[in-house]
file query_31.pdb (PDB, C-alpha atoms)
MODEL        1
ATOM      1  CA  MET Y  14      11.094   6.786  14.387
ATOM      2  CA  ASP Y  15      11.192   3.411  16.103
ATOM      3  CA  LEU Y  16      10.710   0.770  13.409
ATOM      4  CA  GLU Y  17       9.855  -2.045  15.796
ATOM      5  CA  ILE Y  18       6.213  -2.954  15.451
ATOM      6  CA  PRO Y  19       4.768  -5.128  18.205
ATOM      7  CA  LEU Y  20       3.557  -8.498  16.988
ATOM      8  CA  HIS Y  21       0.063  -7.944  18.382
ATOM      9  CA  LEU Y  22      -0.341  -4.895  16.122
ATOM     10  CA  ILE Y  23       0.765  -6.841  13.065
ATOM     11  CA  LEU Y  24      -1.709  -9.589  13.916
ATOM     12  CA  ALA Y  25      -4.439  -7.030  14.517
ATOM     13  CA  ALA Y  26      -3.709  -5.408  11.160
ATOM     14  CA  MET Y  27      -3.920  -8.800   9.496
ATOM     15  CA  SER Y  28      -7.253  -9.597  11.076
ATOM     16  CA  ASN Y  29      -8.709  -6.124  10.536
ATOM     17  CA  GLU Y  30      -7.719  -6.022   6.897
ATOM     18  CA  ASN Y  31      -8.125  -9.757   6.222
ATOM     19  CA  VAL Y  32      -4.852  -9.637   4.267
ATOM     20  CA  MET Y  33      -3.271 -12.915   5.225
ATOM     21  CA  PHE Y  34      -4.108 -14.682   1.975
ATOM     22  CA  LYS Y  35      -5.079 -11.895  -0.387
ATOM     23  CA  LYS Y  36      -3.209 -10.053  -3.078
ATOM     24  CA  THR Y  37      -3.633  -6.291  -3.164
ATOM     25  CA  SER Y  38      -4.342  -4.583  -6.465
ATOM     26  CA  ALA Y  39      -2.292  -1.533  -7.376
ATOM     27  CA  ALA Y  40      -5.448   0.563  -7.698
ATOM     28  CA  GLY Y  41      -6.766  -0.544  -4.308
ATOM     29  CA  PHE Y  42      -3.410   0.045  -2.654
ATOM     30  CA  CYS Y  43      -3.182   3.539  -4.128
ATOM     31  CA  ALA Y  44      -6.752   4.431  -3.172
ATOM     32  CA  LYS Y  45      -5.824   3.650   0.424
ATOM     33  CA  TRP Y  46      -2.250   4.964   0.678
ATOM     34  CA  THR Y  47      -1.666   7.718  -1.906
ATOM     35  CA  PRO Y  48      -3.700  10.263   0.104
ATOM     36  CA  GLU Y  49      -1.672   9.556   3.230
ATOM     37  CA  LYS Y  50       1.767   9.180   1.642
ATOM     38  CA  LYS Y  51       1.506  11.782  -1.123
ATOM     39  CA  GLY Y  52      -1.097  14.172   0.303
ATOM     40  CA  ILE Y  53      -3.459  13.979  -2.647
ATOM     41  CA  THR Y  54      -6.942  12.470  -2.798
ATOM     42  CA  PRO Y  55      -8.547  10.537  -5.665
ATOM     43  CA  ASP Y  56     -10.755  13.479  -6.596
ATOM     44  CA  GLN Y  57      -7.801  15.850  -7.006
ATOM     45  CA  ARG Y  58      -5.922  16.522 -10.189
ATOM     46  CA  GLY Y  59      -2.611  14.668 -10.207
ATOM     47  CA  PHE Y  60      -3.786  11.698  -8.140
ATOM     48  CA  ARG Y  61      -2.875   9.164 -10.835
ATOM     49  CA  GLU Y  62       0.607  10.671 -11.255
ATOM     50  CA  ALA Y  63       1.152  10.561  -7.504
ATOM     51  CA  SER Y  64      -0.063   6.950  -7.423
ATOM     52  CA  LYS Y  65       2.263   5.949 -10.252
ATOM     53  CA  ALA Y  66       5.153   7.606  -8.430
ATOM     54  CA  LEU Y  67       4.326   5.847  -5.152
ATOM     55  CA  LEU Y  68       4.199   2.454  -6.865
ATOM     56  CA  ALA Y  69       7.448   3.153  -8.717
ATOM     57  CA  GLU Y  70       9.192   4.141  -5.478
ATOM     58  CA  LEU Y  71       8.018   0.982  -3.724
ATOM     59  CA  THR Y  72       8.655  -1.536  -6.493
ATOM     60  CA  GLY Y  73      11.539  -0.132  -8.507
ATOM     61  CA  TYR Y  74       9.511  -0.405 -11.712
ATOM     62  CA  GLN Y  75       9.178   2.475 -14.158
ATOM     63  CA  ALA Y  76       6.135   4.756 -13.931
ATOM     64  CA  THR Y  77       4.983   3.505 -17.354
ATOM     65  CA  SER Y  78       4.638   0.009 -15.898
ATOM     66  CA  THR Y  79       2.883   1.214 -12.774
ATOM     67  CA  ASN Y  80       0.473   3.214 -14.938
ATOM     68  CA  ILE Y  81      -0.609   0.001 -16.676
ATOM     69  CA  TRP Y  82      -1.209  -1.706 -13.321
ATOM     70  CA  LEU Y  83      -3.620   1.033 -12.273
ATOM     71  CA  SER Y  84      -5.810   0.304 -15.306
ATOM     72  CA  ASP Y  85      -5.308  -3.414 -15.917
ATOM     73  CA  ARG Y  86      -4.925  -5.677 -12.898
ATOM     74  CA  GLU Y  87      -4.304  -8.674 -15.172
ATOM     75  CA  ARG Y  88      -1.004  -7.104 -16.251
ATOM     76  CA  THR Y  89       0.241  -6.570 -12.699
ATOM     77  CA  PRO Y  90       2.882  -9.158 -11.749
ATOM     78  CA  GLU Y  91       1.621 -11.495  -9.024
ATOM     79  CA  LEU Y  92       4.733 -10.811  -6.952
ATOM     80  CA  VAL Y  93       3.964  -7.070  -7.025
ATOM     81  CA  GLU Y  94       0.460  -7.685  -5.682
ATOM     82  CA  LYS Y  95       1.885  -9.850  -2.896
ATOM     83  CA  TYR Y  96       4.477  -7.187  -2.110
ATOM     84  CA  LEU Y  97       1.804  -4.475  -1.971
ATOM     85  CA  THR Y  98      -0.130  -6.678   0.452
ATOM     86  CA  LEU Y  99       2.930  -6.862   2.704
ATOM     87  CA  VAL Y 100       3.536  -3.095   2.533
ATOM     88  CA  ASP Y 101      -0.141  -2.502   3.294
ATOM     89  CA  LEU Y 102       0.115  -4.776   6.312
ATOM     90  CA  VAL Y 103       3.223  -3.047   7.669
ATOM     91  CA  TRP Y 104       1.867   0.471   7.076
ATOM     92  CA  THR Y 105      -1.458  -0.466   8.677
ATOM     93  CA  ALA Y 106       0.365  -1.829  11.733
ATOM     94  CA  GLU Y 107       2.512   1.321  11.932
ATOM     95  CA  LYS Y 108      -0.594   3.485  11.742
ATOM     96  CA  MET Y 109      -2.246   1.462  14.512
ATOM     97  CA  ARG Y 110       0.872   1.847  16.662
ATOM     98  CA  GLU Y 111       0.902   5.614  16.124
ATOM     99  CA  GLU Y 112      -2.788   5.887  16.962
ATOM    100  CA  ALA Y 113      -2.299   3.815  20.110
ATOM    101  CA  ALA Y 114       0.619   6.017  21.164
ATOM    102  CA  GLU Y 115      -1.514   9.163  20.777
ATOM    103  CA  GLN Y 116      -4.139   7.882  23.224
TER     104      GLN Y 116
ENDMDL
END

call {"tool": "encode", "arguments": {"input": "query_31.pdb", "output": "structure tokens"}}
result
Amino acid sequence: MDLEIPLHLILAAMSNENVMFKKTSAAGFCAKWTPEKKGITPDQRGFREASKALLAELTGYQATSTNIWLSDRERTPELVEKYLTLVDLVWTAEKMREEAAEQ
């Protein structure tokens, strides 16, 4: 997979998602990306476990910490929310690139 993402797609992802100055909550991030990355939807059994695992993989924190973030945004480190915003931006741009390539 080519990891180069054209700048125009990154800028489009930023404008579409309005992420330039926001911080992404763990719960919001997981609602968007766990289905795509782990193949499980919020209404399925095991969604929370898959979300905890995804957050742990991305951040290096233990699943017990990521579990707390899913319930209590106030206990999520600010740097983690900023990092999730960046990952969301990159994954959104990658998805846009893939969709453009399919057309």

call {"tool": "resolve_selection", "arguments": {"input": "query_31.pdb", "expression": "the PyMOL selection byres ((chain Y and resi 61-68) around 10)", "output": "JSON, numbers by chain"}}
result
{"Y": [39, 40, 42, 43, 44, 46, 47, 48, 50, 51, 52, 53, 54, 55, 56, 57, 58, 59, 60, 69, 70, 71, 72, 73, 74, 75, 76, 77, 78, 79, 80, 81, 82, 83, 93, 97]}

call {"tool": "atom_distance", "arguments": {"input": "query_31.pdb", "atom1": "atom CA of Arg110 of chain Y", "atom2": "atom CA of Glu94 of chain Y"}}
result
24.3 Å

call {"tool": "closest_residue", "arguments": {"input": "query_31.pdb", "among": "Y:Ala106, Y:Asp101, Y:Arg86, Y:Lys95", "to": "Lys45 of chain Y", "atoms": "only C-alpha atoms"}}
result
Y:Asp101

call {"tool": "atom_distance", "arguments": {"input": "query_31.pdb", "atom1": "atom CA of Tyr96 of chain Y", "atom2": "atom CA of Gly41 of chain Y"}}
result
13.2 Å

call {"tool": "axis_aligned_box", "arguments": {"input": "query_31.pdb", "around": "segment 67-73 of chain Y", "padding_each_side": "4 Å", "output": "AutoDock Vina command-line options"}}
result
--center_x 7.9 --center_y 2.2 --center_z -6.2 --size_x 15.3 --size_y 15.4 --size_z 13.0

call {"tool": "atom_distance", "arguments": {"input": "query_31.pdb", "atom1": "atom CA of Thr98 of chain Y", "atom2": "atom CA of Gln116 of chain Y"}}
result
27.3 Å

call {"tool": "build_atoms", "arguments": {"input": "query_31.pdb", "residues": "segment 45-56 of chain Y", "atoms": "all heavy atoms", "output": "PDB file, keeping the file's coordinate frame"}}
result
ATOM      1  N   LYS Y  45      -6.000   3.610  -1.026  1.00  0.00           N
ATOM      2  CA  LYS Y  45      -5.824   3.650   0.424  1.00  0.00           C
ATOM      3  C   LYS Y  45      -4.636   4.508   0.848  1.00  0.00           C
ATOM      4  O   LYS Y  45      -4.742   5.283   1.804  1.00  0.00           O
ATOM      5  CB  LYS Y  45      -5.648   2.223   0.949  1.00  0.00           C
ATOM      6  CG  LYS Y  45      -5.478   2.138   2.451  1.00  0.00           C
ATOM      7  CD  LYS Y  45      -5.416   0.705   2.925  1.00  0.00           C
ATOM      8  CE  LYS Y  45      -5.255   0.614   4.435  1.00  0.00           C
ATOM      9  NZ  LYS Y  45      -5.205  -0.783   4.900  1.00  0.00           N
ATOM     10  N   TRP Y  46      -3.486   4.389   0.155  1.00  0.00           N
ATOM     11  CA  TRP Y  46      -2.250   4.964   0.678  1.00  0.00           C
ATOM     12  C   TRP Y  46      -1.757   6.228  -0.018  1.00  0.00           C
ATOM     13  O   TRP Y  46      -0.993   6.988   0.586  1.00  0.00           O
ATOM     14  CB  TRP Y  46      -1.144   3.909   0.686  1.00  0.00           C
ATOM     15  CG  TRP Y  46      -1.422   2.854   1.695  1.00  0.00           C
ATOM     16  CD1 TRP Y  46      -1.807   1.566   1.474  1.00  0.00           C
ATOM     17  CD2 TRP Y  46      -1.380   3.010   3.116  1.00  0.00           C
ATOM     18  NE1 TRP Y  46      -2.009   0.911   2.667  1.00  0.00           N
ATOM     19  CE2 TRP Y  46      -1.745   1.779   3.688  1.00  0.00           C
ATOM     20  CE3 TRP Y  46      -1.073   4.074   3.955  1.00  0.00           C
ATOM     21  CZ2 TRP Y  46      -1.808   1.579   5.060  1.00  0.00           C
ATOM     22  CZ3 TRP Y  46      -1.124   3.872   5.328  1.00  0.00           C
ATOM     23  CH2 TRP Y  46      -1.492   2.639   5.865  1.00  0.00           C
ATOM     24  N   THR Y  47      -2.142   6.498  -1.253  1.00  0.00           N
ATOM     25  CA  THR Y  47      -1.666   7.718  -1.906  1.00  0.00           C
ATOM     26  C   THR Y  47      -2.095   8.975  -1.147  1.00  0.00           C
ATOM     27  O   THR Y  47      -1.267   9.877  -0.962  1.00  0.00           O
ATOM     28  CB  THR Y  47      -2.108   7.780  -3.383  1.00  0.00           C
ATOM     29  OG1 THR Y  47      -1.570   6.639  -4.059  1.00  0.00           O
ATOM     30  CG2 THR Y  47      -1.607   9.040  -4.069  1.00  0.00           C
ATOM     31  N   PRO Y  48      -3.345   9.057  -0.663  1.00  0.00           N
ATOM     32  CA  PRO Y  48      -3.700  10.263   0.104  1.00  0.00           C
ATOM     33  C   PRO Y  48      -2.808  10.483   1.321  1.00  0.00           C
ATOM     34  O   PRO Y  48      -2.386  11.610   1.596  1.00  0.00           O
ATOM     35  CB  PRO Y  48      -5.154   9.993   0.522  1.00  0.00           C
ATOM     36  CG  PRO Y  48      -5.674   9.070  -0.523  1.00  0.00           C
ATOM     37  CD  PRO Y  48      -4.498   8.175  -0.876  1.00  0.00           C
ATOM     38  N   GLU Y  49      -2.487   9.423   2.020  1.00  0.00           N
ATOM     39  CA  GLU Y  49      -1.672   9.556   3.230  1.00  0.00           C
ATOM     40  C   GLU Y  49      -0.199   9.815   2.916  1.00  0.00           C
ATOM     41  O   GLU Y  49       0.454  10.628   3.561  1.00  0.00           O
ATOM     42  CB  GLU Y  49      -1.798   8.303   4.091  1.00  0.00           C
ATOM     43  CG  GLU Y  49      -1.090   8.452   5.406  1.00  0.00           C
ATOM     44  CD  GLU Y  49      -1.518   7.417   6.420  1.00  0.00           C
ATOM     45  OE1 GLU Y  49      -2.674   6.988   6.401  1.00  0.00           O
ATOM     46  OE2 GLU Y  49      -0.668   7.053   7.242  1.00  0.00           O
ATOM     47  N   LYS Y  50       0.330   9.105   1.928  1.00  0.00           N
ATOM     48  CA  LYS Y  50       1.767   9.180   1.642  1.00  0.00           C
ATOM     49  C   LYS Y  50       2.135  10.329   0.707  1.00  0.00           C
ATOM     50  O   LYS Y  50       3.258  10.834   0.755  1.00  0.00           O
ATOM     51  CB  LYS Y  50       2.267   7.862   1.053  1.00  0.00           C
ATOM     52  CG  LYS Y  50       2.081   6.671   1.981  1.00  0.00           C
ATOM     53  CD  LYS Y  50       2.899   6.826   3.256  1.00  0.00           C
ATOM     54  CE  LYS Y  50       2.768   5.611   4.160  1.00  0.00           C
ATOM     55  NZ  LYS Y  50       3.564   5.719   5.368  1.00  0.00           N
ATOM     56  N   LYS Y  51       1.204  10.726  -0.150  1.00  0.00           N
ATOM     57  CA  LYS Y  51       1.506  11.782  -1.123  1.00  0.00           C
ATOM     58  C   LYS Y  51       0.676  13.049  -0.919  1.00  0.00           C
ATOM     59  O   LYS Y  51       0.884  14.045  -1.594  1.00  0.00           O
ATOM     60  CB  LYS Y  51       1.287  11.269  -2.557  1.00  0.00           C
ATOM     61  CG  LYS Y  51       2.240  10.154  -2.963  1.00  0.00           C
ATOM     62  CD  LYS Y  51       3.657  10.660  -3.072  1.00  0.00           C
ATOM     63  CE  LYS Y  51       4.604   9.607  -3.615  1.00  0.00           C
ATOM     64  NZ  LYS Y  51       5.953  10.104  -3.759  1.00  0.00           N
ATOM     65  N   GLY Y  52      -0.307  12.988  -0.017  1.00  0.00           N
ATOM     66  CA  GLY Y  52      -1.097  14.172   0.303  1.00  0.00           C
ATOM     67  C   GLY Y  52      -2.060  14.604  -0.788  1.00  0.00           C
ATOM     68  O   GLY Y  52      -2.361  15.794  -0.905  1.00  0.00           O
ATOM     69  N   ILE Y  53      -2.536  13.641  -1.562  1.00  0.00           N
ATOM     70  CA  ILE Y  53      -3.459  13.979  -2.647  1.00  0.00           C
ATOM     71  C   ILE Y  53      -4.562  12.924  -2.695  1.00  0.00           C
ATOM     72  O   ILE Y  53      -4.296  11.737  -2.567  1.00  0.00           O
ATOM     73  CB  ILE Y  53      -2.713  14.095  -3.997  1.00  0.00           C
ATOM     74  CG1 ILE Y  53      -3.612  14.627  -5.085  1.00  0.00           C
ATOM     75  CG2 ILE Y  53      -2.046  12.805  -4.389  1.00  0.00           C
ATOM     76  CD1 ILE Y  53      -2.854  15.054  -6.339  1.00  0.00           C
ATOM     77  N   THR Y  54      -5.799  13.375  -2.822  1.00  0.00           N
ATOM     78  CA  THR Y  54      -6.942  12.470  -2.798  1.00  0.00           C
ATOM     79  C   THR Y  54      -7.383  12.092  -4.213  1.00  0.00           C
ATOM     80  O   THR Y  54      -7.036  12.781  -5.172  1.00  0.00           O
ATOM     81  CB  THR Y  54      -8.124  13.110  -2.048  1.00  0.00           C
ATOM     82  OG1 THR Y  54      -8.500  14.306  -2.723  1.00  0.00           O
ATOM     83  CG2 THR Y  54      -7.758  13.424  -0.601  1.00  0.00           C
ATOM     84  N   PRO Y  55      -8.140  10.998  -4.330  1.00  0.00           N
ATOM     85  CA  PRO Y  55      -8.547  10.537  -5.665  1.00  0.00           C
ATOM     86  C   PRO Y  55      -9.313  11.560  -6.488  1.00  0.00           C
ATOM     87  O   PRO Y  55      -9.273  11.518  -7.726  1.00  0.00           O
ATOM     88  CB  PRO Y  55      -9.437   9.325  -5.359  1.00  0.00           C
ATOM     89  CG  PRO Y  55      -8.951   8.822  -4.059  1.00  0.00           C
ATOM     90  CD  PRO Y  55      -8.547  10.047  -3.284  1.00  0.00           C
ATOM     91  N   ASP Y  56      -9.987  12.484  -5.849  1.00  0.00           N
ATOM     92  CA  ASP Y  56     -10.755  13.479  -6.596  1.00  0.00           C
ATOM     93  C   ASP Y  56      -9.922  14.693  -7.027  1.00  0.00           C
ATOM     94  O   ASP Y  56     -10.424  15.567  -7.725  1.00  0.00           O
ATOM     95  CB  ASP Y  56     -11.971  13.930  -5.785  1.00  0.00           C
ATOM     96  CG  ASP Y  56     -11.585  14.554  -4.450  1.00  0.00           C
ATOM     97  OD1 ASP Y  56     -10.519  14.202  -3.910  1.00  0.00           O
ATOM     98  OD2 ASP Y  56     -12.359  15.385  -3.950  1.00  0.00           O
TER      99      ASP Y  56
END
